[in-house]
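Before any comments, here is the structure.
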Amino acid sequence: MTPFIKKKEIRNNWYLINAENAVVGRLAAYISNVLRGKNKPTYNKHMDNGDFVIVTNINKMKFTGKKLTNKIYYKHTGHPGGIKQTTPRILKDRSKTQDILRLAVQRMLPGGPLAKKQLSKLKMYIGDQHPHDIQKPEVVDFSKLNSKNTRKN
């Protein structure tokens with residue numbers, strides 16, 4: 001049985017991931033597990049026990065197959081006939097690559113206020129630089145975790 005921990009006993013770590021040549025879906029799955037705290041032995045689904053994740057080089061992420069052009073993101077305005085759609089290619093052309101990863105991670109988290117709080121622990125940056133050096137993030141070599149995590153083309 002998982003031991004329950006108190007709020008003041010929770011220690012949040014910081015992880016740094018370089019997303020260069022990383023597959024978006026695999027990266028989002030790994031990030032969502034860390035944000036929820038599923039990588040810790042003290043995981044409880046009703047508590048925010050997750051860690052902070054810093055992702056750099058998000059403009060160099062890769063999609064597998066034809067997902068860059070064929071994948072469609074839908075949203076509804078709430079008005080009749082108000083369905084809007086976009087593709088990752090359009091988001092990339094508009095310089096909104098952070099929205100691609102945020103949508104992927106957000107859809108892997110459960111809905112509700114807890115997921116919004118966990119998603120706020122995700123920090124994304126286009127280049128190599130980030131302002132979180134003071135937290136001393138632990139570097140995660142995402143490409144070495146599995147050979148399928150990266151694409152060269």
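Starting from 1 in every chain, residues are counted up; chains themselves are A, B, ... following the order of the structure tokens, and ligands are numbered from 1 as listed.
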Filtered DSSP result for range 61-108 of chain A, state helix (DSSP H, G or I), as a list in words:
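Secondary structure check on range 61-108 of chain A, helix (DSSP H, G or I): Lys67, Leu68, Thr69, Asn70, Pro88, Arg89, Ile90, Leu91, Lys92, Asp93, Thr97, Gln98, Asp99, Ile100, Leu101, Arg102, Leu103, Ala104, Val105 and Gln106 of chain A.
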Any chance you can output those residues with C-alpha atoms as a CSV table (one decimal), in the first residue's frame?
```
chain,number,residue,atom,x,y,z
A,67,LYS,CA,1.2,13.6,-38.1
A,68,LEU,CA,2.7,17.0,-38.8
A,69,THR,CA,0.2,17.5,-41.7
A,70,ASN,CA,-2.6,15.0,-41.0
A,88,PRO,CA,0.8,21.1,-36.0
A,89,ARG,CA,2.2,22.5,-39.3
A,90,ILE,CA,0.0,25.6,-38.9
A,91,LEU,CA,1.0,26.0,-35.3
A,92,LYS,CA,4.7,25.6,-36.2
A,93,ASP,CA,4.4,28.2,-38.9
A,97,THR,CA,5.5,25.2,-31.0
A,98,GLN,CA,4.9,25.5,-27.3
A,99,ASP,CA,1.2,24.9,-27.9
A,100,ILE,CA,1.9,21.6,-29.7
A,101,LEU,CA,3.7,20.2,-26.6
A,102,ARG,CA,1.3,21.8,-24.2
A,103,LEU,CA,-1.7,20.3,-25.9
A,104,ALA,CA,-0.1,16.8,-26.1
A,105,VAL,CA,0.8,16.9,-22.3
A,106,GLN,CA,-2.6,18.4,-21.3
```
Counting only C-alpha atoms, which residues in range 11-103 of chain A sit no more than 12 Å from range 124-143 of chain A? For each one, give the nearest pair of atoms and the distance in Å, sorted by chain then residue number, as CSV.
```
residue,atom,partner,partner_atom,distance
A:Asn12,CA,A:Gln135,CA,10.5
A:Asn13,CA,A:Pro137,CA,7.4
A:Trp14,CA,A:Pro137,CA,4.5
A:Tyr15,CA,A:Glu138,CA,4.7
A:Leu16,CA,A:Val139,CA,4.7
A:Ile17,CA,A:Val140,CA,5.4
A:Asn18,CA,A:Phe142,CA,7.3
A:Ala19,CA,A:Phe142,CA,7.8
A:Glu20,CA,A:Ser143,CA,9.1
A:Asn21,CA,A:Ser143,CA,8.5
A:Ala22,CA,A:Ser143,CA,7.1
A:Val23,CA,A:Ser143,CA,9.5
A:Val24,CA,A:Phe142,CA,11.7
A:Arg26,CA,A:Phe142,CA,9.6
A:Leu27,CA,A:Phe142,CA,7.9
A:Ala28,CA,A:Phe142,CA,11.4
A:Ala29,CA,A:Phe142,CA,11.7
A:Tyr30,CA,A:Phe142,CA,8.9
A:Ile31,CA,A:Phe142,CA,10.4
A:Val34,CA,A:Val140,CA,11.4
A:Asp51,CA,A:Pro137,CA,10.5
A:Phe52,CA,A:Pro137,CA,8.8
A:Val53,CA,A:Met124,CA,8.3
A:Ile54,CA,A:Met124,CA,5.9
A:Val55,CA,A:Met124,CA,4.8
A:Thr56,CA,A:Tyr125,CA,4.8
A:Asn57,CA,A:Gly127,CA,4.8
A:Ile58,CA,A:Ile126,CA,5.2
A:Asn59,CA,A:Ile126,CA,5.6
A:Lys60,CA,A:Ile126,CA,8.4
A:Met61,CA,A:Ile126,CA,10.3
A:Lys92,CA,A:Ile126,CA,11.7
A:Ser95,CA,A:Ile126,CA,9.6
A:Lys96,CA,A:Ile126,CA,9.9
A:Thr97,CA,A:Ile126,CA,8.2
A:Gln98,CA,A:Met124,CA,6.6
A:Asp99,CA,A:Met124,CA,9.8
A:Ile100,CA,A:Met124,CA,11.0
A:Leu101,CA,A:Met124,CA,8.7
A:Arg102,CA,A:Met124,CA,8.8
```
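Assigned to strand (DSSP E) in range 43-150 of chain A, given DSSP computed from backbone atoms, are Phe52, Val53, Ile54, Val55, Thr56, Tyr73, Tyr74, Lys75, His76, Ile83, Lys84, Gln85, Thr86, Leu122, Lys123, Met124, Glu138, Val139 and Val140 of chain A.
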With C-alpha atoms retained, write the just-selected residues as a PDB file, in the first residue's frame.
```
ATOM      1  CA  PHE A  52       8.790  20.585 -12.287  1.00  0.00           C
ATOM      2  CA  VAL A  53       9.867  19.961 -15.887  1.00  0.00           C
ATOM      3  CA  ILE A  54      11.897  22.366 -18.022  1.00  0.00           C
ATOM      4  CA  VAL A  55      11.902  21.574 -21.749  1.00  0.00           C
ATOM      5  CA  THR A  56      14.360  23.335 -24.048  1.00  0.00           C
ATOM      6  CA  TYR A  73      -6.566  19.704 -33.257  1.00  0.00           C
ATOM      7  CA  TYR A  74     -10.213  20.652 -32.709  1.00  0.00           C
ATOM      8  CA  LYS A  75     -11.717  23.259 -30.409  1.00  0.00           C
ATOM      9  CA  HIS A  76     -15.240  24.626 -30.148  1.00  0.00           C
ATOM     10  CA  ILE A  83     -15.806  24.280 -34.410  1.00  0.00           C
ATOM     11  CA  LYS A  84     -12.260  25.347 -35.247  1.00  0.00           C
ATOM     12  CA  GLN A  85      -9.443  23.126 -36.404  1.00  0.00           C
ATOM     13  CA  THR A  86      -5.709  23.458 -36.875  1.00  0.00           C
ATOM     14  CA  LEU A 122       5.745  22.617 -17.157  1.00  0.00           C
ATOM     15  CA  LYS A 123       8.181  25.276 -18.415  1.00  0.00           C
ATOM     16  CA  MET A 124       9.008  25.375 -22.149  1.00  0.00           C
ATOM     17  CA  GLU A 138      18.591  17.399 -12.942  1.00  0.00           C
ATOM     18  CA  VAL A 139      19.371  16.771 -16.615  1.00  0.00           C
ATOM     19  CA  VAL A 140      17.401  13.906 -18.182  1.00  0.00           C
TER      20      VAL A 140
END
```
Contacts of range 45-49 of chain A at 12 Å (only C-alpha atoms; same-chain gap of 2+ positions) as a PyMOL selection string:
chain A and resi 2+4-13+33-43+51-52+109-110+112-121
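Distances to Pro3 in chain A were evaluated for A:Lys62, A:Gly78, A:Asn44, A:Lys71 using only C-alpha atoms, and the minimum falls at A:Asn44.
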